[in-house]
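Dropping final-v1.cif in here (mmCIF, C-alpha atoms):
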```cif
data_protein
loop_
_atom_site.label_atom_id
_atom_site.label_comp_id
_atom_site.auth_asym_id
_atom_site.auth_seq_id
_atom_site.Cartn_x
_atom_site.Cartn_y
_atom_site.Cartn_z
CA MET B 1 151.40 43.71 160.40
CA ILE B 2 152.55 40.13 160.98
CA ARG B 3 154.92 40.55 158.07
CA LYS B 4 156.54 43.57 159.66
CA VAL B 5 156.93 41.73 162.96
CA VAL B 6 158.53 38.77 161.20
CA TYR B 7 160.82 41.10 159.25
CA SER B 8 161.92 42.91 162.38
CA ILE B 9 162.56 39.63 164.21
CA PHE B 10 164.71 38.41 161.33
CA LEU B 11 166.52 41.73 161.16
CA ALA B 12 167.16 41.63 164.90
CA ILE B 13 168.55 38.09 164.62
CA ILE B 14 170.87 39.09 161.77
CA VAL B 15 172.10 42.24 163.51
CA LEU B 16 172.60 40.41 166.81
CA SER B 17 174.57 37.57 165.22
CA LEU B 18 176.73 40.02 163.27
CA VAL B 19 177.46 42.03 166.40
CA LEU B 20 178.30 38.90 168.39
CA PHE B 21 180.41 37.57 165.51
CA PHE B 22 182.49 40.72 165.19
CA ALA B 23 182.72 41.24 168.94
CA ALA B 24 184.51 37.90 169.15
CA PHE B 25 187.42 39.36 167.17
CA PRO B 26 189.74 41.65 169.10
CA PHE B 27 189.96 44.94 167.23
CA GLY B 28 193.30 46.62 166.74
CA LYS B 29 195.11 44.51 169.33
CA ASN B 30 197.13 41.57 168.13
CA LYS B 31 197.29 41.26 164.40
CA MET B 32 196.59 37.85 163.01
CA THR B 33 199.61 35.73 162.21
CA VAL B 34 199.32 36.03 158.44
CA GLY B 35 198.76 39.77 158.45
CA LYS B 36 201.65 40.31 160.83
CA TYR B 37 203.88 38.21 158.58
CA TYR B 38 202.98 40.30 155.53
CA ILE B 39 203.61 43.56 157.36
CA ASP B 40 206.94 42.40 158.82
CA HIS B 41 208.42 40.64 155.80
CA GLY B 42 206.50 42.02 152.81
CA VAL B 43 208.90 44.83 151.95
CA GLN B 44 212.09 42.75 152.22
CA GLN B 45 210.71 39.76 150.37
CA THR B 46 208.89 41.44 147.48
CA GLY B 47 210.43 44.93 147.26
CA ALA B 48 207.02 46.52 146.66
CA ALA B 49 206.30 49.72 148.54
CA ASN B 50 202.55 49.10 148.31
CA ILE B 51 201.96 46.23 150.70
CA VAL B 52 198.58 45.43 149.17
CA THR B 53 200.29 44.79 145.84
CA SER B 54 202.86 42.53 147.48
CA VAL B 55 200.01 40.43 148.88
CA VAL B 56 197.83 40.50 145.77
CA LEU B 57 200.53 39.76 143.20
CA ASP B 58 203.26 37.97 145.12
CA TYR B 59 201.96 35.98 148.07
CA ARG B 60 198.56 35.43 146.46
CA GLY B 61 199.51 35.79 142.80
CA PHE B 62 197.79 32.55 141.87
CA ASP B 63 194.50 33.86 143.31
CA THR B 64 194.87 36.95 141.15
CA LEU B 65 195.25 34.78 138.07
CA GLY B 66 191.96 33.18 139.08
CA GLU B 67 190.39 36.60 139.54
CA VAL B 68 191.47 37.67 136.08
CA SER B 69 189.95 34.48 134.68
CA VAL B 70 186.69 35.18 136.53
CA LEU B 71 186.58 38.64 134.99
CA PHE B 72 187.22 37.14 131.57
CA ALA B 73 184.40 34.65 132.10
CA ALA B 74 182.07 37.48 133.16
CA ALA B 75 182.91 39.52 130.06
CA ALA B 76 182.41 36.51 127.83
CA GLY B 77 179.10 35.78 129.55
CA VAL B 78 177.82 39.31 128.99
CA GLY B 79 178.76 39.08 125.33
CA VAL B 80 177.14 35.68 124.84
CA LEU B 81 173.93 36.62 126.67
CA LEU B 82 173.44 39.89 124.82
CA HIS B 83 174.22 38.44 121.42
CA MET B 84 171.91 35.50 121.96
CA ILE B 85 168.91 37.84 122.08
CA GLY B 86 169.36 39.37 118.66
CA GLU B 87 171.73 40.61 116.01
CA ARG B 88 173.74 43.75 116.46
CA ARG B 89 172.28 46.72 114.68
CA GLU B 90 173.41 50.27 114.11
CA ARG B 91 173.19 52.40 117.22
CA LYS B 92 170.36 54.89 117.01
CA VAL B 93 170.36 57.80 119.41
CA LYS B 94 167.17 59.75 119.97
CA VAL B 95 168.92 62.97 120.96
CA PRO B 96 172.50 63.35 119.68
CA PRO B 97 175.00 64.77 122.19
CA ASN B 98 175.66 68.46 121.78
CA PHE B 99 178.79 70.35 120.86
CA VAL B 100 179.94 70.93 124.44
CA VAL B 101 179.96 67.26 125.32
CA ARG B 102 181.70 66.25 122.09
CA VAL B 103 184.52 68.76 122.45
CA GLY B 104 184.81 68.28 126.21
CA SER B 105 185.16 64.52 125.95
CA ARG B 106 187.89 64.96 123.34
CA ILE B 107 189.81 67.19 125.72
CA VAL B 108 189.36 64.95 128.75
CA PHE B 109 189.86 61.56 127.09
CA PRO B 110 193.69 61.63 126.76
CA PHE B 111 194.01 62.68 130.39
CA ILE B 112 191.78 59.80 131.49
CA LEU B 113 194.02 57.41 129.56
CA LEU B 114 197.12 58.98 131.11
CA PHE B 115 195.68 58.72 134.60
CA GLY B 116 194.70 55.10 134.11
CA VAL B 117 198.17 54.23 132.83
CA TYR B 118 199.73 56.07 135.77
CA ILE B 119 197.58 54.09 138.20
CA PHE B 120 198.59 50.71 136.86
CA VAL B 121 202.24 51.51 136.20
CA HIS B 122 202.65 52.74 139.78
CA GLY B 123 200.66 49.82 141.18
CA HIS B 124 203.60 48.57 143.25
CA LEU B 125 204.34 52.04 144.69
CA THR B 126 201.04 53.80 145.35
CA PRO B 127 197.48 52.64 146.07
CA GLY B 128 195.86 51.28 142.96
CA GLY B 129 196.95 48.77 140.38
CA GLY B 130 195.96 46.90 137.27
CA PHE B 131 192.28 46.45 138.05
CA GLN B 132 191.73 50.07 139.05
CA GLY B 133 193.77 51.55 136.20
CA GLY B 134 192.05 49.30 133.69
CA SER B 135 188.62 50.40 134.90
CA ILE B 136 189.62 54.05 134.60
CA ILE B 137 190.74 53.53 131.01
CA ALA B 138 187.51 51.71 130.20
CA SER B 139 185.55 54.63 131.66
CA GLY B 140 187.33 56.88 129.16
CA PHE B 141 186.04 54.69 126.34
CA LEU B 142 182.55 54.86 127.86
CA LEU B 143 182.81 58.65 127.63
CA LEU B 144 183.64 58.40 123.92
CA TYR B 145 180.69 56.06 123.38
CA LEU B 146 178.38 58.56 125.06
CA ALA B 147 179.74 61.58 123.21
CA TYR B 148 179.93 60.08 119.71
CA PRO B 149 176.98 57.93 118.60
CA ASN B 150 179.00 56.60 115.66
CA TYR B 151 182.01 55.64 117.76
CA LYS B 152 182.86 51.97 117.60
CA LEU B 153 185.75 50.04 119.09
CA LYS B 154 187.37 47.35 116.98
CA ARG B 155 186.57 44.15 118.83
CA GLY B 156 189.33 42.21 117.09
CA GLY B 157 191.98 44.56 118.46
CA LEU B 158 190.46 44.38 121.93
CA ALA B 159 190.51 40.59 121.85
CA ALA B 160 194.15 40.62 120.70
CA ILE B 161 195.20 42.95 123.52
CA GLU B 162 193.28 40.90 126.05
CA GLY B 163 194.81 37.66 124.86
CA LEU B 164 198.35 39.03 124.79
CA ALA B 165 198.00 40.45 128.29
CA GLY B 166 196.69 37.18 129.67
CA LEU B 167 199.47 35.32 127.88
CA THR B 168 202.09 37.62 129.45
CA PHE B 169 200.75 36.89 132.93
CA VAL B 170 200.73 33.11 132.42
CA THR B 171 204.13 33.09 130.69
CA LEU B 172 205.71 35.02 133.56
CA GLY B 173 204.15 32.54 135.97
CA LEU B 174 205.36 29.53 134.00
CA TYR B 175 208.88 30.97 133.72
CA GLY B 176 209.03 30.75 137.51
CA LEU B 177 208.95 26.99 137.12
CA LEU B 178 212.21 27.10 135.12
CA THR B 179 214.09 29.06 137.78
CA PRO B 180 216.07 27.19 140.48
CA LYS B 181 213.27 27.83 142.95
CA VAL B 182 210.67 25.81 141.10
CA SER B 183 207.40 27.59 141.81
CA PHE B 184 204.62 29.14 139.77
CA LEU B 185 204.76 32.98 139.60
CA TYR B 186 208.16 33.06 141.33
CA ASN B 187 209.55 36.61 141.40
CA PHE B 188 212.73 35.90 139.42
CA LEU B 189 213.73 39.46 138.46
CA PRO B 190 215.98 41.52 140.77
CA MET B 191 214.28 43.65 143.42
CA GLY B 192 215.84 46.92 142.28
CA VAL B 193 215.92 50.05 144.43
CA PHE B 194 213.02 50.20 146.90
CA ASN B 195 210.28 52.74 146.11
CA THR B 196 211.38 53.48 142.55
CA LEU B 197 209.54 52.77 139.31
CA VAL B 198 211.76 49.85 138.34
CA SER B 199 211.60 47.71 141.44
CA ALA B 200 209.83 44.69 142.91
CA GLY B 201 210.84 42.35 140.08
CA ILE B 202 207.97 41.02 137.99
CA LEU B 203 205.16 42.73 139.93
CA PRO B 204 204.98 45.90 137.77
CA ILE B 205 205.03 43.83 134.58
CA ILE B 206 202.15 41.71 135.83
CA TYR B 207 200.20 44.81 136.83
CA VAL B 208 200.71 46.38 133.39
CA ALA B 209 199.44 43.18 131.81
CA ILE B 210 196.44 43.10 134.15
CA GLY B 211 195.76 46.77 133.38
CA PHE B 212 195.61 46.12 129.64
CA LYS B 213 193.50 43.02 130.16
CA VAL B 214 190.97 44.66 132.46
CA ALA B 215 190.73 47.76 130.25
CA SER B 216 190.01 45.72 127.12
CA GLU B 217 187.54 43.46 128.92
CA PHE B 218 185.60 46.36 130.41
CA ALA B 219 185.63 48.20 127.10
CA GLY B 220 184.22 45.07 125.49
CA ILE B 221 181.47 44.84 128.12
CA ILE B 222 180.63 48.53 127.60
CA ASP B 223 180.49 47.98 123.84
CA ASP B 224 178.16 44.99 124.23
CA MET B 225 175.84 46.67 126.69
CA ILE B 226 175.66 50.14 125.18
CA CYS B 227 174.97 48.78 121.70
CA ASP B 228 172.22 46.52 122.91
CA VAL B 229 170.60 49.18 125.06
CA MET B 230 170.77 51.78 122.30
CA CYS B 231 169.38 49.37 119.71
CA ARG B 232 166.45 48.55 121.93
CA GLY B 233 165.82 52.21 122.61
CA GLY B 234 165.78 52.92 118.89
CA GLU B 235 163.25 50.19 118.18
CA LYS B 236 160.38 51.81 120.05
CA MET W 1 201.33 84.96 157.06
CA LEU W 2 199.85 86.50 153.93
CA ARG W 3 199.88 83.07 152.35
CA GLU W 4 197.88 81.62 155.24
CA ILE W 5 195.32 84.41 155.12
CA LEU W 6 194.89 83.94 151.39
CA GLY W 7 194.68 80.17 151.69
CA TYR W 8 192.11 80.23 154.49
CA PHE W 9 190.13 82.87 152.60
CA PHE W 10 189.85 80.59 149.58
CA LEU W 11 189.07 77.60 151.78
CA TYR W 12 186.22 79.32 153.65
CA PHE W 13 184.96 80.96 150.46
CA GLY W 14 184.66 77.50 148.92
CA ALA W 15 183.04 76.05 152.01
CA ALA W 16 180.49 78.88 152.09
CA PHE W 17 179.67 78.27 148.42
CA LEU W 18 179.25 74.57 149.00
CA PHE W 19 176.92 75.32 151.89
CA LEU W 20 174.85 77.71 149.80
CA GLY W 21 174.68 75.13 147.03
CA SER W 22 173.38 72.40 149.30
CA TYR W 23 170.92 74.85 150.81
CA GLY W 24 169.68 75.71 147.33
CA LEU W 25 169.35 72.03 146.52
CA VAL W 26 166.85 71.71 149.36
CA ARG W 27 165.01 74.97 148.79
CA PHE W 28 164.59 75.28 145.02
CA PRO W 29 161.37 73.99 143.45
CA ASP W 30 162.27 72.02 140.30
CA LEU W 31 165.10 70.08 138.72
CA TYR W 32 166.55 72.93 136.67
CA THR W 33 166.92 75.43 139.48
CA ARG W 34 168.27 72.73 141.78
CA MET W 35 170.85 71.72 139.19
CA GLN W 36 171.79 75.35 138.80
CA ALA W 37 172.36 75.71 142.54
CA SER W 38 174.24 72.47 142.97
CA THR W 39 176.50 72.62 139.92
CA LYS W 40 177.45 76.26 140.12
CA SER W 41 178.24 76.02 143.78
CA THR W 42 180.15 72.73 143.56
CA THR W 43 182.21 74.00 140.66
CA LEU W 44 183.21 77.22 142.37
CA GLY W 45 183.16 75.76 145.89
CA ALA W 46 185.32 72.76 145.12
CA PHE W 47 187.55 74.90 142.90
CA SER W 48 188.33 77.47 145.56
CA SER W 49 188.66 74.88 148.34
CA VAL W 50 191.26 73.02 146.30
CA ILE W 51 193.06 76.24 145.44
CA GLY W 52 193.03 77.17 149.14
CA VAL W 53 194.60 73.85 150.07
CA GLY W 54 197.22 74.41 147.37
CA ILE W 55 198.09 77.83 148.78
CA LEU W 56 198.32 76.49 152.33
CA HIS W 57 200.57 73.62 151.25
CA PRO W 58 202.92 74.97 148.57
CA ASP W 59 204.30 71.45 147.92
CA TRP W 60 200.93 70.41 146.55
CA PHE W 61 200.30 73.57 144.58
CA ILE W 62 200.86 72.09 141.11
CA LYS W 63 198.70 69.07 141.92
CA CYS W 64 195.95 71.28 143.30
CA ILE W 65 196.04 73.52 140.24
CA SER W 66 195.64 70.52 137.94
CA VAL W 67 192.79 69.17 140.08
CA ALA W 68 191.11 72.60 139.91
CA ILE W 69 191.53 72.74 136.13
CA PHE W 70 189.88 69.35 135.77
CA ILE W 71 187.01 70.40 138.03
CA LEU W 72 186.51 73.50 135.89
CA LEU W 73 186.68 71.39 132.74
CA THR W 74 184.41 68.50 133.65
CA ALA W 75 181.77 69.71 136.10
CA PRO W 76 180.08 72.26 133.77
CA ILE W 77 180.19 69.85 130.82
CA GLY W 78 178.56 67.08 132.82
CA SER W 79 175.90 69.32 134.29
CA SER W 80 175.06 70.88 130.92
CA ALA W 81 174.68 67.41 129.39
CA LEU W 82 172.42 66.32 132.26
CA MET W 83 170.36 69.48 131.99
CA ARG W 84 169.95 69.14 128.24
CA ALA W 85 168.95 65.50 128.57
CA ALA W 86 166.41 66.42 131.23
CA TYR W 87 164.92 69.17 129.07
CA LYS W 88 164.72 67.03 125.96
CA THR W 89 163.07 64.14 127.79
CA GLY W 90 160.46 66.57 129.07
CA VAL W 91 161.11 67.02 132.77
CA PRO W 92 158.52 69.68 133.73
CA LEU W 93 159.46 73.17 134.79
CA ASP W 94 158.07 74.66 137.96
CA GLU W 95 154.65 76.37 137.61
CA ARG W 96 156.08 79.71 138.68
CA THR W 97 158.61 79.78 135.81
CA VAL W 98 158.40 83.13 134.03
CA VAL W 99 160.49 82.64 130.92
CA ASP W 100 161.67 79.55 129.03
CA GLU W 101 164.40 80.61 126.64
CA ALA W 102 165.61 77.05 126.20
CA LYS W 103 162.51 76.27 124.14
CA ASP W 104 163.54 78.57 121.28
CA PHE W 105 167.17 77.62 121.64
CA PHE W 106 166.55 73.90 121.33
CA ALA W 107 164.14 74.46 118.44
CA GLU W 108 166.92 76.19 116.50
CA ASP W 109 169.37 73.54 117.65
CA GLU W 110 167.23 70.77 116.22
CA LYS W 111 166.78 72.63 112.95
CA GLU W 112 170.52 72.88 112.54
CA GLU W 113 171.02 69.24 113.37
CA ALA W 114 168.36 68.18 110.87
CA LYS W 115 170.26 69.93 108.08
#
```

The structure given in the file should be rewritten as structure tokens.
Amino acid sequence: MIRKVVYSIFLAIIVLSLVLFFAAFPFGKNKMTVGKYYIDHGVQQTGAANIVTSVVLDYRGFDTLGEVSVLFAAAAGVGVLLHMIGERRERKVKVPPNFVVRVGSRIVFPFILLFGVYIFVHGHLTPGGGFQGGSIIASGFLLLYLAYPNYKLKRGGLAAIEGLAGLTFVTLGLYGLLTPKVSFLYNFLPMGVFNTLVSAGILPIIYVAIGFKVASEFAGIIDDMICDVMCRGGEK
Amino acid sequence: MLREILGYFFLYFGAAFLFLGSYGLVRFPDLYTRMQASTKSTTLGAFSSVIGVGILHPDWFIKCISVAIFILLTAPIGSSALMRAAYKTGVPLDERTVVDEAKDFFAEDEKEEAK
């Protein structure tokens, strides 16, 4: 009883402070200075039709490099933790997937890849981008893992793709230091025609690199986790 | 005019099916019958709603057709896999079940896989 009272008091405090906190911000009236700047100047300065991309990759490109590194650290952590526990063994599946799932996943898989590539190639034009497209591609690989118990990604190839993609991102950023406007991740390529595939300078290239990187990292995480889970299931 | 009638027909047909499916989800007694209600209705309901939208907006017709094809392709596969997994892990049938044809089917299935 006392517990419930204490819980409700705490809940009331949290809700009240949140309400007061958000009530202090005017909603939908004057945009904050930074947001207004992005909306007013984003299209002219970056040439990207998707304003989120112009913020994520251009104004805050350095943050995104950090984000990619965080994701890399997370993937590495998953791998290290799961491999610390025991050796990798053959996957054993109690009930193999049936014919319908095997054939269906074969039909759907190329379309999932296509959709993922579309999402990250059009990252500067439509909602979406490297992170989203990469996750979609990784989900396609998850489907193959589920449908084929013997399926196995080559980890060496994944690591090579991941490394190359990361290298592309950093190299593009470093090249900005060589341009007259000495700054990291400076958008040195021409803007191109607004709202076409080849526009916004280096942003699409960076998003393609991020797409490859995220896809290979997530596929690696899936490989680590599914193998470990399946091995443990087979042990019982 | 004809296009609008056809489009709204498909749209309301789909909506009615989705309603029936969610009603069945609440009313049916066990997992298998509920899955049957929900997957059949969402496949046909979502399919005809999307087709209806495509007919109402001819610009989107190709997109809607491809969305509908993917719904037809993926929803039954996913639900059949779920259903099979549920049966093989021993989710109980309702007491009032009269016939269980899956028992014989899966027995034969396992024999073939063992070969």

Need the shell around Pro92 (chain W): protein/DNA/RNA residues with any atom at most 12 Å away, counting only C-alpha atoms. Skip same-chain ones fewer than 6 positions apart. Format as number ranges by chain? W: 29-33, 83, 86, 100

For chain B, report every residue with an atom at most 8 Å from chain W (counting all atoms listed in the file), formatted as an MDAnalysis selection string. chainID B and resid 95 97:98 100:101 104 108

Target residues per the PyMOL selection byres ((chain W and resi 40-56) around 7), formatted as a compact mmCIF listing (two decimals) with C-alpha atoms, in the coordinates of the input:
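Contents of the output file selection37.txt:
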```
# COMPACT_ATOMS: atom_id res chain seq x y z
CA ARG W 3 199.88 83.07 152.35
CA GLU W 4 197.88 81.62 155.24
CA GLY W 7 194.68 80.17 151.69
CA TYR W 8 192.11 80.23 154.49
CA PHE W 10 189.85 80.59 149.58
CA LEU W 11 189.07 77.60 151.78
CA PHE W 13 184.96 80.96 150.46
CA GLY W 14 184.66 77.50 148.92
CA ALA W 15 183.04 76.05 152.01
CA PHE W 17 179.67 78.27 148.42
CA LEU W 18 179.25 74.57 149.00
CA GLY W 21 174.68 75.13 147.03
CA GLN W 36 171.79 75.35 138.80
CA ALA W 37 172.36 75.71 142.54
CA SER W 38 174.24 72.47 142.97
CA THR W 39 176.50 72.62 139.92
CA HIS W 57 200.57 73.62 151.25
CA PRO W 58 202.92 74.97 148.57
CA TRP W 60 200.93 70.41 146.55
CA PHE W 61 200.30 73.57 144.58
CA CYS W 64 195.95 71.28 143.30
CA ILE W 65 196.04 73.52 140.24
CA ALA W 68 191.11 72.60 139.91
CA ILE W 71 187.01 70.40 138.03
CA LEU W 72 186.51 73.50 135.89
CA ALA W 75 181.77 69.71 136.10
```

Atom-to-atom span, CA of Ala165 (chain B) and CA of Leu65 (chain B), Å: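 CA of Leu65 (chain B) lies at a distance of 11.6 Å from CA of Ala165 (chain B).
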
Between B:Leu185, B:Val93, B:Leu203, B:Ala147, single out the one closest to Ser54 (chain B), counting only C-alpha atoms. B:Leu203

Report the residues retrieved by the PyMOL selection byres ((chain B and resi 189) around 12) from the displayed file, expressed as a PyMOL selection string. chain B and resi 46-47+172+175-176+179+185-188+190-192+198-205

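Look at everything within 12 Å of (190.3, 41.5, 122.1) using only C-alpha atoms, and the residues you get are B:Phe72, B:Ala75, B:Ala76, B:Leu153, B:Lys154, B:Arg155, B:Gly156, B:Gly157, B:Leu158, B:Ala159, B:Ala160, B:Ile161, B:Glu162, B:Gly163, B:Leu164, B:Ala165, B:Gly166, B:Phe212, B:Lys213, B:Val214, B:Ala215, B:Ser216, B:Glu217, B:Phe218, B:Ala219, B:Gly220, B:Ile221, B:Asp223.
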
When you draw a straight line from CA of Leu82 (chain W) to CA of Phe28 (chain W), how long is it in Å? 17.4 Å

Some atoms are absent from region 45-72 of chain W, so rebuild N, CA and C atoms and return them as a PDB file, keeping the file's coordinate frame.
```pdb
ATOM      1  N   GLY W  45     182.803  76.128 144.520  1.00  0.00           N
ATOM      2  CA  GLY W  45     183.160  75.760 145.890  1.00  0.00           C
ATOM      3  C   GLY W  45     184.331  74.798 145.927  1.00  0.00           C
ATOM      4  N   ALA W  46     184.242  73.723 145.140  1.00  0.00           N
ATOM      5  CA  ALA W  46     185.320  72.760 145.120  1.00  0.00           C
ATOM      6  C   ALA W  46     186.585  73.398 144.547  1.00  0.00           C
ATOM      7  N   PHE W  47     186.405  74.223 143.507  1.00  0.00           N
ATOM      8  CA  PHE W  47     187.550  74.900 142.900  1.00  0.00           C
ATOM      9  C   PHE W  47     188.303  75.721 143.933  1.00  0.00           C
ATOM     10  N   SER W  48     187.576  76.596 144.660  1.00  0.00           N
ATOM     11  CA  SER W  48     188.330  77.470 145.560  1.00  0.00           C
ATOM     12  C   SER W  48     188.823  76.718 146.791  1.00  0.00           C
ATOM     13  N   SER W  49     188.109  75.650 147.224  1.00  0.00           N
ATOM     14  CA  SER W  49     188.660  74.880 148.340  1.00  0.00           C
ATOM     15  C   SER W  49     189.988  74.249 147.954  1.00  0.00           C
ATOM     16  N   VAL W  50     190.022  73.679 146.735  1.00  0.00           N
ATOM     17  CA  VAL W  50     191.260  73.020 146.300  1.00  0.00           C
ATOM     18  C   VAL W  50     192.386  74.030 146.152  1.00  0.00           C
ATOM     19  N   ILE W  51     192.040  75.196 145.599  1.00  0.00           N
ATOM     20  CA  ILE W  51     193.060  76.240 145.440  1.00  0.00           C
ATOM     21  C   ILE W  51     193.567  76.669 146.827  1.00  0.00           C
ATOM     22  N   GLY W  52     192.632  76.785 147.779  1.00  0.00           N
ATOM     23  CA  GLY W  52     193.030  77.170 149.140  1.00  0.00           C
ATOM     24  C   GLY W  52     193.993  76.171 149.746  1.00  0.00           C
ATOM     25  N   VAL W  53     193.689  74.885 149.563  1.00  0.00           N
ATOM     26  CA  VAL W  53     194.600  73.850 150.070  1.00  0.00           C
ATOM     27  C   VAL W  53     195.965  73.995 149.405  1.00  0.00           C
ATOM     28  N   GLY W  54     195.956  74.254 148.091  1.00  0.00           N
ATOM     29  CA  GLY W  54     197.220  74.410 147.370  1.00  0.00           C
ATOM     30  C   GLY W  54     198.039  75.577 147.892  1.00  0.00           C
ATOM     31  N   ILE W  55     197.344  76.669 148.270  1.00  0.00           N
ATOM     32  CA  ILE W  55     198.090  77.830 148.780  1.00  0.00           C
ATOM     33  C   ILE W  55     198.635  77.535 150.171  1.00  0.00           C
ATOM     34  N   LEU W  56     197.856  76.800 150.969  1.00  0.00           N
ATOM     35  CA  LEU W  56     198.320  76.490 152.330  1.00  0.00           C
ATOM     36  C   LEU W  56     199.484  75.502 152.315  1.00  0.00           C
ATOM     37  N   HIS W  57     199.482  74.593 151.352  1.00  0.00           N
ATOM     38  CA  HIS W  57     200.570  73.620 151.250  1.00  0.00           C
ATOM     39  C   HIS W  57     201.268  73.817 149.908  1.00  0.00           C
ATOM     40  N   PRO W  58     202.292  74.646 149.860  1.00  0.00           N
ATOM     41  CA  PRO W  58     202.920  74.970 148.570  1.00  0.00           C
ATOM     42  C   PRO W  58     203.483  73.738 147.841  1.00  0.00           C
ATOM     43  N   ASP W  59     203.790  72.649 148.596  1.00  0.00           N
ATOM     44  CA  ASP W  59     204.300  71.450 147.920  1.00  0.00           C
ATOM     45  C   ASP W  59     203.256  70.877 146.970  1.00  0.00           C
ATOM     46  N   TRP W  60     201.987  71.025 147.330  1.00  0.00           N
ATOM     47  CA  TRP W  60     200.930  70.410 146.550  1.00  0.00           C
ATOM     48  C   TRP W  60     200.364  71.367 145.513  1.00  0.00           C
ATOM     49  N   PHE W  61     200.960  72.535 145.362  1.00  0.00           N
ATOM     50  CA  PHE W  61     200.300  73.570 144.580  1.00  0.00           C
ATOM     51  C   PHE W  61     200.016  73.128 143.149  1.00  0.00           C
ATOM     52  N   ILE W  62     201.032  72.509 142.506  1.00  0.00           N
ATOM     53  CA  ILE W  62     200.860  72.090 141.110  1.00  0.00           C
ATOM     54  C   ILE W  62     199.733  71.061 141.007  1.00  0.00           C
ATOM     55  N   LYS W  63     199.746  70.096 141.927  1.00  0.00           N
ATOM     56  CA  LYS W  63     198.700  69.070 141.920  1.00  0.00           C
ATOM     57  C   LYS W  63     197.336  69.708 142.080  1.00  0.00           C
ATOM     58  N   CYS W  64     197.251  70.653 143.039  1.00  0.00           N
ATOM     59  CA  CYS W  64     195.950  71.280 143.300  1.00  0.00           C
ATOM     60  C   CYS W  64     195.480  72.076 142.096  1.00  0.00           C
ATOM     61  N   ILE W  65     196.421  72.757 141.427  1.00  0.00           N
ATOM     62  CA  ILE W  65     196.040  73.520 140.240  1.00  0.00           C
ATOM     63  C   ILE W  65     195.478  72.582 139.177  1.00  0.00           C
ATOM     64  N   SER W  66     196.142  71.410 138.999  1.00  0.00           N
ATOM     65  CA  SER W  66     195.640  70.520 137.940  1.00  0.00           C
ATOM     66  C   SER W  66     194.284  69.946 138.334  1.00  0.00           C
ATOM     67  N   VAL W  67     194.106  69.646 139.639  1.00  0.00           N
ATOM     68  CA  VAL W  67     192.790  69.170 140.080  1.00  0.00           C
ATOM     69  C   VAL W  67     191.740  70.233 139.800  1.00  0.00           C
ATOM     70  N   ALA W  68     192.076  71.503 140.110  1.00  0.00           N
ATOM     71  CA  ALA W  68     191.110  72.600 139.910  1.00  0.00           C
ATOM     72  C   ALA W  68     190.772  72.749 138.436  1.00  0.00           C
ATOM     73  N   ILE W  69     191.790  72.613 137.567  1.00  0.00           N
ATOM     74  CA  ILE W  69     191.530  72.740 136.130  1.00  0.00           C
ATOM     75  C   ILE W  69     190.569  71.647 135.674  1.00  0.00           C
ATOM     76  N   PHE W  70     190.774  70.432 136.187  1.00  0.00           N
ATOM     77  CA  PHE W  70     189.880  69.350 135.770  1.00  0.00           C
ATOM     78  C   PHE W  70     188.476  69.542 136.299  1.00  0.00           C
ATOM     79  N   ILE W  71     188.364  70.106 137.518  1.00  0.00           N
ATOM     80  CA  ILE W  71     187.010  70.400 138.030  1.00  0.00           C
ATOM     81  C   ILE W  71     186.343  71.418 137.117  1.00  0.00           C
ATOM     82  N   LEU W  72     187.081  72.464 136.759  1.00  0.00           N
ATOM     83  CA  LEU W  72     186.510  73.500 135.890  1.00  0.00           C
ATOM     84  C   LEU W  72     186.135  72.936 134.531  1.00  0.00           C
TER      85      LEU W  72
END
```
